[in-house]
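Colleague: Data file query_28.cif (mmCIF, C-alpha atoms) is appended below.
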```cif
data_model
loop_
_atom_site.label_atom_id
_atom_site.label_comp_id
_atom_site.auth_asym_id
_atom_site.auth_seq_id
_atom_site.Cartn_x
_atom_site.Cartn_y
_atom_site.Cartn_z
CA MET A 1274 111.43 -5.99 223.13
CA SER A 1275 108.85 -6.48 225.78
CA TYR A 1276 109.17 -9.71 227.68
CA PRO A 1277 106.88 -12.51 226.45
CA VAL A 1278 103.94 -13.34 228.66
CA LEU A 1279 104.13 -17.01 229.47
CA GLY A 1280 101.64 -19.53 230.70
CA SER A 1281 101.55 -21.04 234.13
CA GLY A 1282 103.76 -23.93 233.05
CA ALA A 1283 106.87 -21.75 233.10
CA ALA A 1284 109.36 -23.22 235.51
CA ILE A 1285 111.62 -21.46 237.95
CA ILE A 1286 114.60 -23.02 239.65
CA LYS A 1287 117.07 -21.77 242.22
CA ARG A 1288 120.72 -21.82 241.27
CA GLU A 1289 123.98 -20.61 242.71
CA SER A 1290 124.83 -17.29 241.07
CA LYS A 1291 128.09 -18.03 239.27
CA MET A 1292 126.15 -17.85 237.43
CA LYS A 1293 110.55 -21.61 191.59
CA LYS A 1294 109.63 -19.47 188.97
CA TYR A 1295 107.14 -19.45 191.80
CA ILE A 1296 104.39 -21.97 191.20
CA GLY A 1297 101.16 -20.00 190.78
CA LEU A 1298 98.93 -20.04 193.79
CA GLY A 1299 96.08 -21.70 191.91
CA ALA A 1300 98.38 -24.52 190.86
CA LEU A 1301 99.75 -24.69 194.35
CA ALA A 1302 96.29 -25.09 195.80
CA ALA A 1303 95.58 -27.96 193.43
CA MET A 1304 98.79 -29.72 194.37
CA MET A 1305 98.81 -29.23 198.10
CA LEU A 1306 98.29 -32.53 199.90
CA PRO A 1307 98.56 -33.61 203.49
CA ALA A 1308 102.29 -33.37 203.59
CA PHE A 1309 103.65 -35.07 206.64
CA VAL A 1310 104.63 -38.64 207.36
CA ALA A 1311 105.14 -38.89 211.09
CA CYS A 1312 108.63 -39.79 212.20
CA ASP A 1313 109.20 -42.72 214.49
CA ASN A 1314 112.10 -40.97 216.18
CA VAL A 1315 113.80 -37.63 216.23
CA ASP A 1316 116.57 -38.72 213.87
CA VAL A 1317 114.29 -39.50 210.91
CA TYR A 1318 112.47 -36.83 208.94
CA GLU A 1319 110.47 -37.82 205.86
CA LEU A 1320 108.15 -35.87 203.61
CA PRO A 1321 106.20 -36.89 200.50
CA GLN A 1322 107.10 -34.97 197.34
CA PRO A 1323 103.85 -34.08 195.51
CA TYR A 1324 105.81 -31.57 193.40
CA ALA A 1325 109.34 -30.26 193.29
CA ILE A 1326 109.83 -26.92 194.99
CA ASP A 1327 111.96 -24.34 193.24
CA TRP A 1328 113.42 -22.77 196.36
CA ASN A 1329 114.86 -19.75 194.59
CA ALA A 1330 111.41 -18.91 193.22
CA ALA A 1331 109.80 -19.67 196.57
CA ALA A 1332 112.18 -17.27 198.30
CA ASP A 1333 111.52 -14.61 195.64
CA SER A 1334 107.80 -14.96 196.26
CA ALA A 1335 107.99 -14.89 200.03
CA THR A 1336 110.45 -12.02 200.32
CA ASN A 1337 108.72 -9.94 197.66
CA ALA A 1338 105.48 -10.41 199.58
CA LEU A 1339 107.23 -9.21 202.72
CA VAL A 1340 108.24 -6.04 200.92
CA LYS A 1341 104.89 -5.55 199.18
CA HIS A 1342 102.75 -5.94 202.25
CA PHE A 1343 104.92 -4.67 205.09
CA TRP A 1344 107.55 -2.20 203.82
CA ASN A 1345 106.84 1.38 204.71
CA GLU A 1346 108.38 3.91 202.30
CA ASN A 1347 109.53 5.90 205.31
CA GLY A 1348 112.20 3.25 205.75
CA TYR A 1349 110.94 0.59 208.12
CA PHE A 1350 108.61 -2.42 208.25
CA ASN A 1351 105.05 -2.06 209.47
CA GLN A 1352 103.98 -4.41 212.20
CA LYS A 1353 100.86 -5.53 210.32
CA ALA A 1354 99.14 -5.57 206.92
CA ASP A 1355 95.46 -6.12 206.28
CA TYR A 1356 94.15 -9.25 204.56
CA GLU A 1357 94.00 -7.61 201.14
CA GLY A 1358 97.65 -6.82 201.49
CA LYS A 1359 97.28 -3.09 201.78
CA VAL A 1360 99.97 -1.79 204.04
CA ASP A 1361 98.79 -0.37 207.31
CA ASN A 1362 100.57 2.98 207.43
CA GLY A 1363 99.19 3.87 210.80
CA ASN A 1364 100.97 3.60 214.10
CA SER A 1365 102.31 0.13 213.38
CA TRP A 1366 105.86 0.18 214.65
CA ASN A 1367 107.98 -2.19 216.67
CA TYR A 1368 111.73 -1.69 216.98
CA TRP A 1369 113.38 -5.05 217.40
CA PRO A 1370 111.69 -6.91 214.46
CA GLN A 1371 113.21 -4.34 212.10
CA ALA A 1372 116.56 -6.09 212.30
CA HIS A 1373 115.20 -9.51 211.40
CA ALA A 1374 113.06 -8.18 208.55
CA MET A 1375 116.11 -6.41 207.12
CA ASP A 1376 118.13 -9.61 207.51
CA VAL A 1377 115.67 -11.25 205.09
CA ILE A 1378 116.28 -8.41 202.61
CA ILE A 1379 120.04 -8.87 202.97
CA ASP A 1380 119.56 -12.60 202.37
CA ALA A 1381 117.60 -11.84 199.20
CA TYR A 1382 120.26 -9.40 198.00
CA GLU A 1383 123.07 -11.87 198.60
CA ARG A 1384 121.08 -14.57 196.79
CA THR A 1385 120.02 -12.49 193.78
CA GLY A 1386 122.24 -9.41 193.61
CA LYS A 1387 119.17 -7.33 192.80
CA GLN A 1388 119.56 -3.59 193.22
CA GLU A 1389 115.98 -3.23 194.43
CA TYR A 1390 116.93 -4.97 197.65
CA LYS A 1391 120.15 -3.00 198.07
CA ASP A 1392 118.22 0.23 197.62
CA MET A 1393 116.35 -0.57 200.81
CA PHE A 1394 119.47 -0.60 202.97
CA GLY A 1395 120.05 3.13 203.27
CA LYS A 1396 116.34 3.87 203.58
CA TRP A 1397 116.12 1.41 206.45
CA PHE A 1398 119.22 2.84 208.11
CA ASP A 1399 117.61 6.28 208.20
CA GLY A 1400 114.03 5.17 208.75
CA VAL A 1401 114.65 3.02 211.79
CA LYS A 1402 116.64 5.75 213.48
CA THR A 1403 114.00 8.39 212.76
CA GLN A 1404 111.17 6.18 213.93
CA ASN A 1405 113.01 5.05 217.03
CA ASP A 1406 114.48 8.41 217.96
CA GLY A 1407 111.34 10.48 217.58
CA GLY A 1408 113.30 13.71 217.46
CA ASN A 1409 115.32 13.00 220.58
CA THR A 1410 119.02 12.24 220.82
CA GLY A 1411 118.96 8.52 221.47
CA GLY A 1412 119.50 7.47 217.86
CA TYR A 1413 119.24 3.70 217.76
CA THR A 1414 119.45 3.14 221.49
CA ASN A 1415 116.75 1.59 223.61
CA ASP A 1416 116.08 0.57 227.17
CA TYR A 1417 116.38 -3.04 226.01
CA TYR A 1418 119.95 -4.07 225.35
CA ASP A 1419 118.75 -7.06 223.35
CA ASP A 1420 116.85 -4.78 220.95
CA GLU A 1421 120.09 -2.88 220.42
CA ALA A 1422 121.98 -6.12 219.83
CA TRP A 1423 119.62 -7.25 217.07
CA ILE A 1424 119.89 -3.89 215.30
CA ALA A 1425 123.66 -3.80 215.74
CA THR A 1426 124.15 -7.31 214.38
CA THR A 1427 122.17 -6.37 211.27
CA MET A 1428 124.25 -3.20 210.94
CA ALA A 1429 127.37 -5.35 211.03
CA ARG A 1430 125.91 -7.52 208.25
CA LEU A 1431 125.16 -4.41 206.21
CA TYR A 1432 128.74 -3.27 206.64
CA LYS A 1433 130.04 -6.61 205.40
CA VAL A 1434 127.74 -6.40 202.35
CA THR A 1435 128.29 -2.73 201.47
CA ASN A 1436 131.60 -1.74 203.11
CA GLU A 1437 129.94 1.53 204.13
CA ASP A 1438 131.36 2.83 207.38
CA LYS A 1439 128.09 4.24 208.67
CA TYR A 1440 126.81 0.75 209.40
CA LEU A 1441 129.93 -0.27 211.26
CA THR A 1442 129.91 2.93 213.29
CA VAL A 1443 126.40 2.22 214.54
CA ALA A 1444 127.22 -1.42 215.26
CA LYS A 1445 130.25 -0.42 217.32
CA ASP A 1446 128.42 2.35 219.17
CA LEU A 1447 125.54 0.08 220.05
CA TYR A 1448 127.91 -2.65 221.19
CA ALA A 1449 129.68 -0.18 223.47
CA ASP A 1450 126.33 0.69 225.02
CA ILE A 1451 125.50 -3.01 225.40
CA TRP A 1452 128.86 -3.77 227.00
CA SER A 1453 128.16 -1.05 229.55
CA GLY A 1454 125.36 -3.34 230.72
CA TRP A 1455 127.88 -5.83 232.11
CA ASN A 1456 127.94 -5.72 235.88
CA ASP A 1457 128.90 -7.87 238.82
CA LEU A 1458 125.35 -8.82 239.77
CA GLY A 1459 125.00 -12.55 239.37
CA GLY A 1460 128.74 -12.84 238.92
CA GLY A 1461 128.78 -10.93 235.64
CA GLY A 1462 126.84 -11.17 232.42
CA LEU A 1463 125.04 -8.58 230.34
CA SER A 1464 121.84 -7.08 231.67
CA TRP A 1465 118.69 -7.51 229.61
CA ARG A 1466 117.64 -3.88 229.96
CA LYS A 1467 118.98 -0.69 231.43
CA SER A 1468 116.16 -0.36 233.89
CA GLN A 1469 116.70 -3.89 235.23
CA PRO A 1470 120.44 -4.38 235.80
CA TRP A 1471 119.76 -7.50 237.84
CA SER A 1472 117.98 -9.32 234.96
CA LYS A 1473 120.56 -11.43 233.12
CA ASN A 1474 118.97 -13.03 230.07
CA SER A 1475 120.06 -15.36 227.30
CA CYS A 1476 118.36 -13.07 224.80
CA ILE A 1477 121.10 -10.46 225.35
CA ASN A 1478 124.08 -12.55 226.35
CA GLY A 1479 123.81 -14.85 223.31
CA PRO A 1480 123.40 -12.01 220.79
CA GLY A 1481 125.93 -9.90 222.68
CA ALA A 1482 128.60 -12.55 222.23
CA VAL A 1483 127.69 -13.01 218.56
CA LEU A 1484 127.86 -9.27 217.98
CA ALA A 1485 131.25 -9.00 219.68
CA LEU A 1486 132.53 -11.79 217.44
CA ASP A 1487 131.12 -10.09 214.34
CA LEU A 1488 133.00 -6.94 215.31
CA TYR A 1489 136.14 -8.96 216.01
CA GLU A 1490 135.89 -10.47 212.51
CA ILE A 1491 135.60 -7.00 210.99
CA THR A 1492 138.11 -5.08 213.09
CA GLN A 1493 140.46 -7.74 214.49
CA ASP A 1494 140.33 -5.84 217.77
CA GLU A 1495 141.21 -8.45 220.40
CA ASN A 1496 139.04 -6.70 222.99
CA TYR A 1497 135.95 -7.92 221.17
CA LEU A 1498 137.17 -11.50 221.27
CA THR A 1499 138.05 -11.24 224.94
CA GLN A 1500 134.64 -9.81 225.79
CA ALA A 1501 132.85 -12.41 223.66
CA LYS A 1502 134.61 -15.15 225.59
CA ALA A 1503 133.64 -13.58 228.90
CA ILE A 1504 129.98 -13.22 227.86
CA TYR A 1505 129.86 -16.79 226.58
CA GLU A 1506 131.53 -18.30 229.63
CA TRP A 1507 129.17 -16.48 231.99
CA THR A 1508 126.22 -17.76 229.94
CA ARG A 1509 127.64 -21.26 229.93
CA ASP A 1510 128.04 -21.21 233.70
CA ASN A 1511 124.61 -19.80 234.45
CA LEU A 1512 122.09 -20.38 231.65
CA PHE A 1513 123.39 -23.31 229.61
CA VAL A 1514 123.44 -27.04 230.29
CA PRO A 1515 126.44 -28.31 228.33
CA GLY A 1516 125.51 -31.95 228.76
CA SER A 1517 122.16 -31.54 227.01
CA GLY A 1518 122.44 -28.29 225.04
CA GLU A 1519 119.53 -26.73 226.93
CA VAL A 1520 119.52 -22.93 227.19
CA TYR A 1521 117.55 -21.39 230.05
CA ASP A 1522 115.95 -17.99 229.65
CA ASN A 1523 117.23 -15.78 232.44
CA LEU A 1524 118.80 -15.36 235.82
CA ASN A 1525 117.35 -12.97 238.37
CA ALA A 1526 120.55 -11.91 240.06
CA GLU A 1527 118.70 -10.55 243.07
CA THR A 1528 116.94 -13.80 243.92
CA THR A 1529 119.29 -16.27 242.16
CA GLU A 1530 116.24 -17.73 240.46
CA VAL A 1531 116.73 -19.13 236.95
CA ALA A 1532 113.72 -19.20 234.62
CA THR A 1533 113.92 -22.42 232.65
CA TRP A 1534 111.71 -21.28 229.81
CA HIS A 1535 112.95 -22.36 226.40
CA PHE A 1536 113.00 -20.28 223.24
CA SER A 1537 114.50 -21.14 219.88
CA TYR A 1538 116.25 -17.78 219.54
CA ASN A 1539 118.09 -18.31 222.80
CA GLN A 1540 119.15 -21.75 221.67
CA ALA A 1541 120.25 -20.22 218.36
CA THR A 1542 122.39 -17.39 219.64
CA VAL A 1543 124.21 -19.45 222.25
CA MET A 1544 124.73 -22.10 219.55
CA LYS A 1545 126.08 -19.50 217.12
CA ALA A 1546 128.37 -17.88 219.66
CA ALA A 1547 129.86 -21.28 220.50
CA GLN A 1548 130.28 -22.13 216.82
CA LEU A 1549 132.08 -18.84 216.15
CA LEU A 1550 134.30 -19.21 219.21
CA TYR A 1551 135.33 -22.65 218.02
CA GLY A 1552 136.30 -21.12 214.69
CA TYR A 1553 138.56 -18.59 216.41
CA THR A 1554 139.99 -20.73 219.20
CA LYS A 1555 139.71 -24.36 218.05
CA GLU A 1556 138.72 -25.26 221.59
CA SER A 1557 136.68 -28.42 221.07
CA TYR A 1558 134.15 -27.79 223.83
CA TYR A 1559 132.76 -24.81 221.93
CA LEU A 1560 131.90 -27.01 218.95
CA LYS A 1561 130.35 -29.61 221.23
CA ASP A 1562 128.27 -26.92 222.90
CA ALA A 1563 127.03 -25.66 219.51
CA GLN A 1564 126.20 -29.17 218.38
CA ARG A 1565 124.28 -30.01 221.54
CA ALA A 1566 122.38 -26.71 221.57
CA CYS A 1567 121.32 -27.34 217.98
CA TYR A 1568 120.28 -30.92 218.64
CA TYR A 1569 118.31 -29.92 221.74
CA THR A 1570 116.30 -27.48 219.64
CA ILE A 1571 115.35 -30.03 216.99
CA SER A 1572 114.59 -32.83 219.42
CA ASN A 1573 112.89 -31.20 222.41
CA GLY A 1574 109.16 -30.74 222.87
CA ALA A 1575 109.59 -27.07 223.73
CA PHE A 1576 110.06 -26.36 220.02
CA LEU A 1577 108.31 -29.20 218.28
CA GLU A 1578 104.83 -30.42 217.50
CA ALA A 1579 104.86 -33.78 219.22
CA ALA A 1580 103.21 -35.64 216.32
CA ASN A 1581 105.84 -34.80 213.74
CA ASN A 1582 109.08 -33.62 215.32
CA LEU A 1583 109.21 -30.50 213.18
CA THR A 1584 110.37 -27.12 214.39
CA LYS A 1585 106.96 -25.46 214.39
CA PHE A 1586 106.06 -24.19 217.79
CA GLU A 1587 107.61 -22.50 220.79
CA ASN A 1588 106.97 -23.88 224.24
CA GLY A 1589 104.62 -26.53 222.92
CA SER A 1590 101.91 -24.21 221.62
CA THR A 1591 101.25 -21.89 218.72
CA PRO A 1592 102.40 -18.35 219.56
CA GLY A 1593 100.09 -15.42 219.13
CA ALA A 1594 100.35 -14.02 215.62
CA ASN A 1595 101.60 -10.65 216.85
CA SER A 1596 103.71 -11.93 219.72
CA ASP A 1597 107.46 -11.61 220.11
CA VAL A 1598 107.60 -15.39 220.21
CA ALA A 1599 106.35 -15.60 216.60
CA LEU A 1600 109.63 -14.00 215.50
CA PHE A 1601 112.05 -16.27 217.32
CA ARG A 1602 112.34 -18.83 214.51
CA ALA A 1603 113.77 -16.11 212.23
CA VAL A 1604 116.83 -16.10 214.47
CA PHE A 1605 116.97 -19.85 214.75
CA TYR A 1606 116.81 -20.59 211.01
CA HIS A 1607 119.55 -18.12 210.14
CA TYR A 1608 121.89 -19.85 212.55
CA PHE A 1609 120.52 -23.35 211.91
CA TYR A 1610 121.73 -22.94 208.31
CA ASP A 1611 125.22 -22.31 209.63
CA MET A 1612 125.16 -25.58 211.55
CA VAL A 1613 123.77 -27.53 208.58
CA THR A 1614 126.72 -26.30 206.51
CA ASP A 1615 129.47 -26.55 209.14
CA ASN A 1616 132.06 -29.02 207.86
CA ASN A 1617 133.71 -29.10 211.28
CA LEU A 1618 130.83 -31.30 212.41
CA ASP A 1619 130.79 -35.03 211.92
CA GLY A 1620 128.92 -36.00 208.73
CA ALA A 1621 126.27 -37.90 210.68
CA TRP A 1622 125.40 -34.75 212.64
CA ILE A 1623 125.25 -32.65 209.48
CA ALA A 1624 122.94 -35.22 207.89
CA LYS A 1625 120.70 -35.18 210.98
CA PHE A 1626 120.51 -31.40 211.06
CA LYS A 1627 119.99 -31.11 207.31
CA SER A 1628 117.19 -33.68 207.40
CA CYS A 1629 115.27 -31.65 209.97
CA PHE A 1630 116.07 -28.34 208.25
CA ASN A 1631 114.82 -29.61 204.87
CA CYS A 1632 111.75 -31.36 206.20
CA SER A 1633 110.66 -28.39 208.29
CA THR A 1634 111.07 -25.84 205.49
CA GLU A 1635 109.22 -28.08 203.04
CA TYR A 1636 106.44 -28.52 205.57
CA LEU A 1637 106.22 -24.76 205.97
CA TRP A 1638 106.02 -24.10 202.21
CA ARG A 1639 103.49 -26.86 201.51
CA ASN A 1640 101.23 -26.14 204.46
CA GLY A 1641 101.80 -22.72 205.91
CA LEU A 1642 100.63 -20.34 203.18
CA ASP A 1643 97.49 -18.25 203.35
CA ASN A 1644 94.87 -20.96 203.06
CA ARG A 1645 92.73 -19.04 200.57
CA GLN A 1646 95.77 -19.20 198.24
CA LEU A 1647 95.51 -15.50 197.47
CA PHE A 1648 98.73 -14.20 198.99
CA VAL A 1649 102.17 -15.51 199.83
CA LEU A 1650 101.66 -14.67 203.46
CA PHE A 1651 102.29 -16.75 206.54
CA GLY A 1652 101.08 -16.97 210.09
CA PRO A 1653 102.67 -18.44 213.21
CA ASP A 1654 101.37 -22.01 212.70
CA TRP A 1655 103.41 -23.70 209.99
CA SER A 1656 100.81 -26.47 209.62
CA LYS A 1657 98.19 -24.13 208.18
CA GLY A 1658 97.88 -20.74 206.58
CA PRO A 1659 96.03 -17.82 208.09
CA ALA A 1660 92.28 -17.95 207.63
CA ALA A 1661 89.90 -15.49 206.00
CA GLY A 1662 89.59 -12.43 208.15
CA ASP A 1663 92.89 -12.94 209.94
CA THR A 1664 95.27 -10.05 210.25
CA PHE A 1665 98.75 -10.63 208.89
CA TYR A 1666 101.57 -9.66 211.21
CA LEU A 1667 105.23 -8.99 210.57
CA ASN A 1668 106.75 -11.33 213.11
CA PRO A 1669 105.50 -14.70 211.81
CA MET A 1670 105.97 -13.48 208.23
CA VAL A 1671 109.62 -12.75 208.89
CA SER A 1672 110.17 -16.12 210.56
CA ALA A 1673 108.75 -17.93 207.53
CA CYS A 1674 110.67 -15.76 205.06
CA ALA A 1675 113.93 -16.32 206.93
CA ALA A 1676 113.47 -20.09 206.88
CA ILE A 1677 112.63 -20.06 203.15
CA GLU A 1678 115.56 -17.78 202.29
CA MET A 1679 117.90 -20.07 204.18
CA ARG A 1680 116.53 -23.11 202.34
CA ALA A 1681 117.07 -21.29 199.02
CA LYS A 1682 120.62 -20.49 200.12
CA LEU A 1683 121.24 -24.12 200.96
CA GLU A 1684 119.99 -25.26 197.56
CA LYS A 1685 122.04 -22.62 195.78
CA ASN A 1686 125.23 -23.59 197.58
CA LYS A 1687 124.98 -27.34 197.11
#
```
Hey, can you dump this file as structure tokens for me?

Modeller:
Amino acid sequence: MSYPVLGSGAAIIKRESKMKKYIGLGALAAMMLPAFVACDNVDVYELPQPYAIDWNAAADSATNALVKHFWNENGYFNQKADYEGKVDNGNSWNYWPQAHAMDVIIDAYERTGKQEYKDMFGKWFDGVKTQNDGGNTGGYTNDYYDDEAWIATTMARLYKVTNEDKYLTVAKDLYADIWSGWNDLGGGGLSWRKSQPWSKNSCINGPGAVLALDLYEITQDENYLTQAKAIYEWTRDNLFVPGSGEVYDNLNAETTEVATWHFSYNQATVMKAAQLLYGYTKESYYLKDAQRACYYTISNGAFLEAANNLTKFENGSTPGANSDVALFRAVFYHYFYDMVTDNNLDGAWIAKFKSCFNCSTEYLWRNGLDNRQLFVLFGPDWSKGPAAGDTFYLNPMVSACAAIEMRAKLEKNK
């Protein structure tokens, strides 16, 4: 994953280096109304109900559109589709979004049990490797350790769903490569990429810890748990503010500078790692960390449109439709669901999280569709659908589909 280009407002600090059936689109157009009632504080989320949403049908529609418009029969997801929904089979490839797009397919399979989704697993397994490897010997590896972590985490999910060893083998091999990126620069931590061993980023340390804990769950190998703790504690010391739940983006171990940019996927993976560690250790500070990281994300202006307190934007502005940033909410909503359903949390916190989760996903469905009402396709701005002539891109589509699948899962598991 190439690093996102940020505006001039990005801050740098110095720090010591411890561092339903689906409602037809015509009917939907007739029923869509201005949907938001502004909240008077971050704890209250309200939304008018012009019609009841069948979330199972909504998820069917969104995920099927993802497959129809973006799936390449060679076993991967194209980066873009044209407005008429014809798949662009040209050179439209990006490695790291493949994991998050496949996560949506796994979600749909777990929700429906449909073989058509399961049939995509093996094709994806082969297609991503072929497309990434290009005839060389690198397989699924990449200069970016975080790209490897996303793919490996999805492989671990596929193993849990299918019990096929090939997925676990790849997950373990990729994790071993990622763990090799731990070094003493900056007092430890995983490097973001092989070519920059001094760059210690939340986008690898959060997912790295989550991946290690996934592998611990599967294998019961204590080494994974030990390494997950080490990764998390380094992140906590260097890139996390436990008192507020704020996750900073990266540490430059050569200069000791910490970039205080905020991204929802960084919040999400640190949150998830802490939640999992609490489950395995029962150390209360992990649960508090997870709770605060979640609350920071749903209450801070870095992720919210100021007028409505909904999780719409990253860094206070709409991301470019084809940017990495447009994909970050796919990570957040997968792990946000886990917080909404975590009975270890106090009921008041669950209610707060669920209120935001429900309001934001409803806002997305009622406002974020293609505004010509021709396709179930989404752009990066959840307040409006893409306009005529816009190009549809994979990243914002996957973020929307992930949020909708998670809402359908929540409704199913009530």

Colleague: For the structure shown, which residues end up in the PyMOL selection byres ((chain A and resi 1478) around 9)? Put them as a ChimeraX atom specification, please?

Modeller: /A:1419,1462-1465,1473-1477,1479-1483,1504-1505,1507-1508,1542-1543

Colleague: Would you kindly translate the PyMOL selection byres ((chain A and resi 1673-1678) around 9) into the concrete residues it picks from this file, as a compact mmCIF listing (two decimals) with C-alpha atoms, keeping the file's coordinate frame?

Modeller:
```txt
# COMPACT_ATOMS: atom_id res chain seq x y z
CA TRP A 1328 113.42 -22.77 196.36
CA ASN A 1329 114.86 -19.75 194.59
CA ALA A 1331 109.80 -19.67 196.57
CA ALA A 1332 112.18 -17.27 198.30
CA ASP A 1333 111.52 -14.61 195.64
CA ALA A 1335 107.99 -14.89 200.03
CA THR A 1336 110.45 -12.02 200.32
CA LEU A 1339 107.23 -9.21 202.72
CA HIS A 1373 115.20 -9.51 211.40
CA ALA A 1374 113.06 -8.18 208.55
CA ASP A 1376 118.13 -9.61 207.51
CA VAL A 1377 115.67 -11.25 205.09
CA ASP A 1380 119.56 -12.60 202.37
CA ALA A 1381 117.60 -11.84 199.20
CA ARG A 1384 121.08 -14.57 196.79
CA LEU A 1600 109.63 -14.00 215.50
CA ARG A 1602 112.34 -18.83 214.51
CA ALA A 1603 113.77 -16.11 212.23
CA VAL A 1604 116.83 -16.10 214.47
CA PHE A 1605 116.97 -19.85 214.75
CA TYR A 1606 116.81 -20.59 211.01
CA HIS A 1607 119.55 -18.12 210.14
CA TYR A 1610 121.73 -22.94 208.31
CA PHE A 1630 116.07 -28.34 208.25
CA SER A 1633 110.66 -28.39 208.29
CA THR A 1634 111.07 -25.84 205.49
CA GLU A 1635 109.22 -28.08 203.04
CA LEU A 1637 106.22 -24.76 205.97
CA TRP A 1638 106.02 -24.10 202.21
CA GLY A 1641 101.80 -22.72 205.91
CA LEU A 1650 101.66 -14.67 203.46
CA PHE A 1651 102.29 -16.75 206.54
CA GLY A 1652 101.08 -16.97 210.09
CA PRO A 1653 102.67 -18.44 213.21
CA TRP A 1655 103.41 -23.70 209.99
CA ASN A 1668 106.75 -11.33 213.11
CA PRO A 1669 105.50 -14.70 211.81
CA MET A 1670 105.97 -13.48 208.23
CA VAL A 1671 109.62 -12.75 208.89
CA SER A 1672 110.17 -16.12 210.56
CA MET A 1679 117.90 -20.07 204.18
CA ARG A 1680 116.53 -23.11 202.34
CA ALA A 1681 117.07 -21.29 199.02
CA LYS A 1682 120.62 -20.49 200.12
CA LEU A 1683 121.24 -24.12 200.96
```

Colleague: Separation of CA of Val1434 (chain A) and CA of Tyr1497 (chain A), in Å?

Modeller: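 Interatomic distance, CA of Val1434 (chain A) to CA of Tyr1497 (chain A): 20.6 Å.
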
Colleague: Under the rule that all atoms listed in the file are counted, which of A:Ala1661, A:Tyr1559, A:Gln1548, A:Thr1570 is the nearest residue to Asn1616 (chain A)?

Modeller: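 Using all atoms listed in the file, Asn1616 (chain A) sits closest to A:Gln1548.
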
Colleague: Tell me, in Å to one decimal, how far CA of Trp1455 (chain A) is from CA of Ser1596 (chain A).

Modeller: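 Interatomic distance here is 27.8 Å.
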
Colleague: Between CA of Leu1577 (chain A) and CA of Val1514 (chain A), what is the spacing in Å?

Modeller: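 So the answer is 19.4 Å.
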
Colleague: Would you list the contacts of Leu1618 (chain A) as a VMD selection string, taking every protein, DNA or RNA residue within 10 Å and counting only C-alpha atoms, but skipping same-chain residues closer than 6 positions in sequence?

Modeller: chain A and resid 1560 to 1561 1563 to 1564 1612 1624

Colleague: For each of A:Ala1541, A:Leu1549, A:Ile1424, A:Leu1431, take the minimum atom-to-atom distance to Phe1394 (chain A), counting all atoms listed in the file, then give the residue where this is smallest.

Modeller: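 Answer, going by the shortest atom-to-atom distance: A:Leu1431.
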
Colleague: As a PDB file with C-alpha atoms, in the frame of the given file, please: the residues near Val1340 (chain A) (cut-off 12 Å, all atoms listed in the file, same-chain neighbours under 2 positions excluded).

Modeller:
```pdb
ATOM      1  CA  ASP A1333     111.520 -14.610 195.640  1.00  0.00           C
ATOM      2  CA  SER A1334     107.800 -14.960 196.260  1.00  0.00           C
ATOM      3  CA  ALA A1335     107.990 -14.890 200.030  1.00  0.00           C
ATOM      4  CA  THR A1336     110.450 -12.020 200.320  1.00  0.00           C
ATOM      5  CA  ASN A1337     108.720  -9.940 197.660  1.00  0.00           C
ATOM      6  CA  ALA A1338     105.480 -10.410 199.580  1.00  0.00           C
ATOM      7  CA  HIS A1342     102.750  -5.940 202.250  1.00  0.00           C
ATOM      8  CA  PHE A1343     104.920  -4.670 205.090  1.00  0.00           C
ATOM      9  CA  TRP A1344     107.550  -2.200 203.820  1.00  0.00           C
ATOM     10  CA  ASN A1345     106.840   1.380 204.710  1.00  0.00           C
ATOM     11  CA  GLU A1346     108.380   3.910 202.300  1.00  0.00           C
ATOM     12  CA  GLY A1348     112.200   3.250 205.750  1.00  0.00           C
ATOM     13  CA  TYR A1349     110.940   0.590 208.120  1.00  0.00           C
ATOM     14  CA  PHE A1350     108.610  -2.420 208.250  1.00  0.00           C
ATOM     15  CA  ASN A1351     105.050  -2.060 209.470  1.00  0.00           C
ATOM     16  CA  LYS A1353     100.860  -5.530 210.320  1.00  0.00           C
ATOM     17  CA  ALA A1354      99.140  -5.570 206.920  1.00  0.00           C
ATOM     18  CA  GLY A1358      97.650  -6.820 201.490  1.00  0.00           C
ATOM     19  CA  LYS A1359      97.280  -3.090 201.780  1.00  0.00           C
ATOM     20  CA  VAL A1360      99.970  -1.790 204.040  1.00  0.00           C
ATOM     21  CA  ALA A1374     113.060  -8.180 208.550  1.00  0.00           C
ATOM     22  CA  MET A1375     116.110  -6.410 207.120  1.00  0.00           C
ATOM     23  CA  VAL A1377     115.670 -11.250 205.090  1.00  0.00           C
ATOM     24  CA  ILE A1378     116.280  -8.410 202.610  1.00  0.00           C
ATOM     25  CA  ALA A1381     117.600 -11.840 199.200  1.00  0.00           C
ATOM     26  CA  GLU A1389     115.980  -3.230 194.430  1.00  0.00           C
ATOM     27  CA  TYR A1390     116.930  -4.970 197.650  1.00  0.00           C
ATOM     28  CA  MET A1393     116.350  -0.570 200.810  1.00  0.00           C
ATOM     29  CA  VAL A1649     102.170 -15.510 199.830  1.00  0.00           C
ATOM     30  CA  LEU A1650     101.660 -14.670 203.460  1.00  0.00           C
ATOM     31  CA  LEU A1667     105.230  -8.990 210.570  1.00  0.00           C
ATOM     32  CA  MET A1670     105.970 -13.480 208.230  1.00  0.00           C
ATOM     33  CA  VAL A1671     109.620 -12.750 208.890  1.00  0.00           C
ATOM     34  CA  CYS A1674     110.670 -15.760 205.060  1.00  0.00           C
TER      35      CYS A1674
END
```

Colleague: Selected by the PyMOL selection byres ((chain A and resi 1524) around 12) in the shown coordinates: which residues, as a ChimeraX atom specification?

Modeller: /A:1285-1292,1458-1465,1469-1478,1507-1508,1510-1513,1520-1523,1525-1534
